[in-house]
Amino acid sequence: MKLLFHIGQFGILMKRVFSKPDNHKVLFRNMLKEMDKLGLGSISIIMIITFFMGAVVAIQTALNLESPFVPDKIVGFTTRDSIILEFSSTVTAVILAGIIGSNISSEIGNMRISEQLDAMEIMGVNSAGSIILPKILALFIMMPFLVIIAMVVGISGGFFATLSVDSVSVQNYIEGLQWDFMPYKVFYSLIKSNVFAIIITSVSSYHGFFVKGGALEVGKASTRGVIYSIILILMANLFITYLMLT
Amino acid sequence: MIEVIGLNKTFGNKHVLQGIDFTINKGMCNLVIGQSGSGKSVFLKSVVGLHPVDQGQILYDGRDLTKLKHNQLKALRKEIGMVFQGGALFNSSTVEENIKYPMDVFTKWSKKEKQDRIDFCLDRVNIQNSNHLYPSEISGGMQKRVAIARAIALNPKYLFFDEPNSGLDPVTAIVIDDLIQEITKEFNITTMVITHDMNSVMEIGENIMFVYQGNKWWEGNKSMIFKTDNTELNNFVFASDLFKAIKTQVS
Ligand SMILES: Nc1ncnc2c1ncn2[C@@H]1O[C@H](COP(=O)(O)OP(=O)(O)OP(=O)(O)O)[C@@H](O)[C@H]1O
Ligand SMILES: [Mg+2]
């Protein structure tokens, strides 16, 4: 019952978000601002995380597969595929849900409780559209770039890790990277990332937008926003994987 | 002039406003007073159209807000200025950008025209040299004044204030009250102020409605308010020892 209510309310909000914008120029300007804040602002953290993940995946694969029957290039191959398929998009999205998602819901929640959203509505401005839409569009556009960066950095993380592992040579790693490469997998990951971007921004906006009360409720709402975003990301991941890879 | 007729508002099964009639006169400060939870803010938000109402008419010089079409409503909104309880300034914009916001929404003025109007409004509320500060960088009293400047940016016919001096010290509160009154008279605006501050009532109460549990319980002006025999209003007015003392002094 409660779930149905939330789905309905979410639907109504999204209808307002995607209704015709009052002013395209302002929308575009705000979108650029959000692209800077949400997108460029996340690059460094994504690079740090994926670099270490790539390194760990490479080392673990190398340690677990020291068998004469497994070709040495398996390390590069496995690292590449796990980075491209999951780490660059899904894991990055889960992390961004925590960072960007909580930022979005607390920003919007604060605007709600301090009546800034009402102040817009009273001037006839569609507050949902002018605040939320730029965020959704911004992350939707930026997310694939973030994912590509994550792929490159993750794979280089693996590369640097192989330098420290005796059992795999750099030569093997690079050969593995090129082995049986399917560009479709990159495409799959980028599509996923677009979906995740919409989930993160819309779900956390939703939780901020309907806050009632004070600062405490804003905090609770942003936690809820993160939890729901992550759950939905993982569900969407499963769904898209069925759809695109099976 | 705004005439509110038979205003009813419910949230779920909670009947918050139970048929309120109130006339908000032009060129004067019309006050709505009452205890916390009596429905003052809901009344205000219904009158300005932020809450859809269940029943009743809200006539802005004859135009019923509840029946207006989209573009008529937009035209009316341009004539409305509102100062929210906490000021509701946009945190991520400077003082100047806040005041410019309604101009961007409603007008096609040139940069120069907008700047002139910003300067006029800021000057009118006595703020200098703060154009490029953010709301978090100015005091609460200044935030209220900037909010007033934003509300009068487009020369409104109707001005609304939700507890304009909550959270302010008594001196600043009077400055704000006087500013509200001056602006109302100067530009001949239809002004409504929500408050539970008896000092404001004494300062600017020309036409007062006392709301009790979602009903209009009493209506009058500040000189009548001390002579009333309405029990609930008496309890409200003479809640503080200060006003009790004034009453014994007078009688
Ligand atoms: N959005 C809402 N949903 C449900 N109930 C609400 C809503 N807004 C207000 N109420 C209820 O309506 C009643 C009147 O609230 P209102 O905010 O108008 O009081 P108030 O007179 O402004 O009080 P205060 O002086 O504390 O601001 C309260 O019981 C409140 O719980
Ligand atoms: Mg209130």
# chains A, B, ... in the order shown; residues from 1 in each chain; ligands from 1
call {"tool": "closest_atom_pairs", "arguments": {"of": "chain A", "to": "chain B", "cutoff": "7 Å", "atoms": "only C-alpha atoms", "output": "CSV"}}
result
residue,atom,partner,partner_atom,distance
A:Ser114,CA,B:Ala88,CA,5.5
A:Glu115,CA,B:Ala88,CA,5.3
A:Gln116,CA,B:Ala88,CA,4.7
A:Ala119,CA,B:Ala88,CA,6.6
A:Ile122,CA,B:Arg77,CA,6.7
A:Met123,CA,B:Arg77,CA,5.7
A:Gly124,CA,B:Lys74,CA,6.2
call {"tool": "residues_around", "arguments": {"residues": "stretch 45-52 of chain A", "least_positions_apart": "5", "cutoff": "10 Å", "atoms": "only C-alpha atoms", "output": "ChimeraX atom specification"}}
result
/A:57-58,83,87-88,91-93,95-96,99,146-147,149-161
call {"tool": "residues_near_ligand", "arguments": {"ligand": "ligand 2", "cutoff": "9 Å", "atoms": "only C-alpha atoms and all ligand atoms", "output": "PyMOL selection string"}}
result
chain B and resi 36-42+44+85+162-163+194-195
call {"tool": "residues_around", "arguments": {"residues": "B:Val125", "least_positions_apart": "6", "cutoff": "12 Å", "atoms": "only C-alpha atoms", "output": "NGL selection string"}}
result
:B and (118-119 or 141-153 or 175-180 or 182-183)
call {"tool": "write_last_selection", "arguments": {"atoms": "N, CA and C atoms", "output": "mmCIF file, in the first residue's frame"}}
result
data_model
loop_
_atom_site.group_PDB
_atom_site.id
_atom_site.type_symbol
_atom_site.label_atom_id
_atom_site.label_comp_id
_atom_site.auth_asym_id
_atom_site.auth_seq_id
_atom_site.Cartn_x
_atom_site.Cartn_y
_atom_site.Cartn_z
ATOM 1 N N ILE B 118 16.776 46.549 -8.827
ATOM 2 C CA ILE B 118 17.438 45.891 -7.697
ATOM 3 C C ILE B 118 17.952 46.947 -6.726
ATOM 4 N N ASP B 119 18.612 47.971 -7.284
ATOM 5 C CA ASP B 119 19.169 49.010 -6.425
ATOM 6 C C ASP B 119 18.060 49.737 -5.664
ATOM 7 N N GLY B 141 18.008 39.405 10.421
ATOM 8 C CA GLY B 141 17.219 40.605 10.143
ATOM 9 C C GLY B 141 17.431 41.091 8.725
ATOM 10 N N MET B 142 18.690 41.006 8.276
ATOM 11 C CA MET B 142 18.979 41.416 6.897
ATOM 12 C C MET B 142 18.329 40.472 5.898
ATOM 13 N N GLN B 143 18.352 39.165 6.228
ATOM 14 C CA GLN B 143 17.701 38.200 5.332
ATOM 15 C C GLN B 143 16.231 38.545 5.144
ATOM 16 N N LYS B 144 15.574 38.905 6.253
ATOM 17 C CA LYS B 144 14.161 39.289 6.162
ATOM 18 C C LYS B 144 14.001 40.497 5.254
ATOM 19 N N ARG B 145 14.926 41.446 5.384
ATOM 20 C CA ARG B 145 14.795 42.660 4.563
ATOM 21 C C ARG B 145 15.051 42.349 3.085
ATOM 22 N N VAL B 146 16.014 41.462 2.834
ATOM 23 C CA VAL B 146 16.244 41.067 1.438
ATOM 24 C C VAL B 146 15.002 40.349 0.892
ATOM 25 N N ALA B 147 14.395 39.520 1.748
ATOM 26 C CA ALA B 147 13.183 38.816 1.319
ATOM 27 C C ALA B 147 12.078 39.824 0.990
ATOM 28 N N ILE B 148 12.006 40.901 1.778
ATOM 29 C CA ILE B 148 11.013 41.943 1.485
ATOM 30 C C ILE B 148 11.363 42.621 0.159
ATOM 31 N N ALA B 149 12.651 42.882 -0.041
ATOM 32 C CA ALA B 149 13.074 43.505 -1.300
ATOM 33 C C ALA B 149 12.689 42.628 -2.487
ATOM 34 N N ARG B 150 12.879 41.312 -2.331
ATOM 35 C CA ARG B 150 12.505 40.405 -3.419
ATOM 36 C C ARG B 150 10.996 40.433 -3.639
ATOM 37 N N ALA B 151 10.237 40.502 -2.515
ATOM 38 C CA ALA B 151 8.778 40.477 -2.632
ATOM 39 C C ALA B 151 8.242 41.726 -3.322
ATOM 40 N N ILE B 152 8.935 42.862 -3.166
ATOM 41 C CA ILE B 152 8.416 44.088 -3.796
ATOM 42 C C ILE B 152 9.069 44.368 -5.152
ATOM 43 N N ALA B 153 9.883 43.412 -5.616
ATOM 44 C CA ALA B 153 10.652 43.635 -6.846
ATOM 45 C C ALA B 153 9.779 44.024 -8.030
ATOM 46 N N VAL B 175 11.610 47.315 13.541
ATOM 47 C CA VAL B 175 12.099 47.866 12.269
ATOM 48 C C VAL B 175 11.373 47.198 11.099
ATOM 49 N N ILE B 176 11.265 45.873 11.175
ATOM 50 C CA ILE B 176 10.592 45.130 10.105
ATOM 51 C C ILE B 176 9.104 45.486 10.042
ATOM 52 N N ASP B 177 8.456 45.514 11.215
ATOM 53 C CA ASP B 177 7.035 45.888 11.249
ATOM 54 C C ASP B 177 6.804 47.259 10.616
ATOM 55 N N ASP B 178 7.642 48.205 11.006
ATOM 56 C CA ASP B 178 7.475 49.562 10.467
ATOM 57 C C ASP B 178 7.703 49.584 8.965
ATOM 58 N N LEU B 179 8.695 48.806 8.533
ATOM 59 C CA LEU B 179 8.982 48.736 7.097
ATOM 60 C C LEU B 179 7.774 48.196 6.331
ATOM 61 N N ILE B 180 7.164 47.152 6.899
ATOM 62 C CA ILE B 180 5.977 46.575 6.263
ATOM 63 C C ILE B 180 4.882 47.624 6.138
ATOM 64 N N GLU B 182 5.178 50.965 6.242
ATOM 65 C CA GLU B 182 5.562 52.058 5.332
ATOM 66 C C GLU B 182 5.340 51.660 3.875
ATOM 67 N N ILE B 183 5.825 50.450 3.547
ATOM 68 C CA ILE B 183 5.706 49.996 2.157
ATOM 69 C C ILE B 183 4.235 49.866 1.758
#
call {"tool": "closest_atom_pairs", "arguments": {"of": "chain A", "to": "ligand 1", "cutoff": "12 Å", "atoms": "only C-alpha atoms and all ligand atoms", "output": "CSV"}}
result
residue,atom,partner,partner_atom_place_in_ligand_line,distance
A:Arg112,CA,ligand 1,1 (N),11.9
A:Ile113,CA,ligand 1,1 (N),11.6
A:Phe210,CA,ligand 1,1 (N),10.2
A:Val211,CA,ligand 1,1 (N),10.6
A:Lys212,CA,ligand 1,1 (N),8.1
A:Gly213,CA,ligand 1,1 (N),10.1
call {"tool": "select_by_dssp", "arguments": {"residues": "stretch 57-126 of chain A", "states": "helix (DSSP H, G or I)", "output": "PyMOL selection string"}}
result
chain A and resi 57-64+74-113+116-122
call {"tool": "decode", "arguments": {"residues": "stretch 217-236 of chain B", "atoms": "N, CA and C atoms", "output": "JSON list (two decimals), in the first residue's frame"}}
result
[["chain", "number", "residue", "atom", "x", "y", "z"],
["B", 217, "TRP", "N", -12.57, 33.62, 14.85],
["B", 217, "TRP", "CA", -13.18, 33.67, 16.18],
["B", 217, "TRP", "C", -13.52, 35.11, 16.57],
["B", 218, "TRP", "N", -12.81, 36.04, 15.92],
["B", 218, "TRP", "CA", -12.98, 37.46, 16.27],
["B", 218, "TRP", "C", -12.38, 38.30, 15.17],
["B", 219, "GLU", "N", -12.93, 39.51, 14.97],
["B", 219, "GLU", "CA", -12.35, 40.42, 14.00],
["B", 219, "GLU", "C", -12.47, 41.84, 14.53],
["B", 220, "GLY", "N", -11.43, 42.64, 14.34],
["B", 220, "GLY", "CA", -11.50, 44.02, 14.85],
["B", 220, "GLY", "C", -10.20, 44.73, 14.62],
["B", 221, "ASN", "N", -9.93, 45.80, 15.40],
["B", 221, "ASN", "CA", -8.64, 46.48, 15.29],
["B", 221, "ASN", "C", -7.94, 46.52, 16.64],
["B", 222, "LYS", "N", -6.76, 47.15, 16.65],
["B", 222, "LYS", "CA", -5.94, 47.02, 17.86],
["B", 222, "LYS", "C", -6.53, 47.72, 19.08],
["B", 223, "SER", "N", -7.37, 48.74, 18.86],
["B", 223, "SER", "CA", -7.93, 49.37, 20.05],
["B", 223, "SER", "C", -9.09, 48.56, 20.61],
["B", 224, "MET", "N", -9.73, 47.76, 19.71],
["B", 224, "MET", "CA", -10.84, 46.94, 20.21],
["B", 224, "MET", "C", -10.36, 45.69, 20.93],
["B", 225, "ILE", "N", -9.11, 45.32, 20.61],
["B", 225, "ILE", "CA", -8.67, 44.00, 21.06],
["B", 225, "ILE", "C", -8.56, 43.90, 22.58],
["B", 226, "PHE", "N", -8.35, 45.03, 23.24],
["B", 226, "PHE", "CA", -8.22, 44.99, 24.70],
["B", 226, "PHE", "C", -9.57, 44.99, 25.41],
["B", 227, "LYS", "N", -10.60, 45.40, 24.68],
["B", 227, "LYS", "CA", -11.90, 45.54, 25.34],
["B", 227, "LYS", "C", -12.80, 44.32, 25.11],
["B", 228, "THR", "N", -12.28, 43.37, 24.32],
["B", 228, "THR", "CA", -13.14, 42.26, 23.96],
["B", 228, "THR", "C", -13.47, 41.37, 25.16],
["B", 229, "ASP", "N", -14.65, 40.74, 25.11],
["B", 229, "ASP", "CA", -14.95, 39.78, 26.17],
["B", 229, "ASP", "C", -14.87, 38.35, 25.64],
["B", 230, "ASN", "N", -14.30, 38.21, 24.45],
["B", 230, "ASN", "CA", -14.10, 36.88, 23.87],
["B", 230, "ASN", "C", -13.03, 36.12, 24.67],
["B", 231, "THR", "N", -13.42, 35.02, 25.28],
["B", 231, "THR", "CA", -12.54, 34.33, 26.23],
["B", 231, "THR", "C", -11.24, 33.86, 25.59],
["B", 232, "GLU", "N", -11.36, 33.19, 24.43],
["B", 232, "GLU", "CA", -10.16, 32.65, 23.79],
["B", 232, "GLU", "C", -9.21, 33.76, 23.36],
["B", 233, "LEU", "N", -9.78, 34.85, 22.84],
["B", 233, "LEU", "CA", -8.95, 35.98, 22.42],
["B", 233, "LEU", "C", -8.27, 36.60, 23.63],
["B", 234, "ASN", "N", -9.02, 36.74, 24.73],
["B", 234, "ASN", "CA", -8.44, 37.26, 25.96],
["B", 234, "ASN", "C", -7.27, 36.41, 26.42],
["B", 235, "ASN", "N", -7.46, 35.10, 26.37],
["B", 235, "ASN", "CA", -6.38, 34.20, 26.78],
["B", 235, "ASN", "C", -5.15, 34.40, 25.91],
["B", 236, "PHE", "N", -5.38, 34.65, 24.62],
["B", 236, "PHE", "CA", -4.28, 34.83, 23.68],
["B", 236, "PHE", "C", -3.58, 36.16, 23.93]]
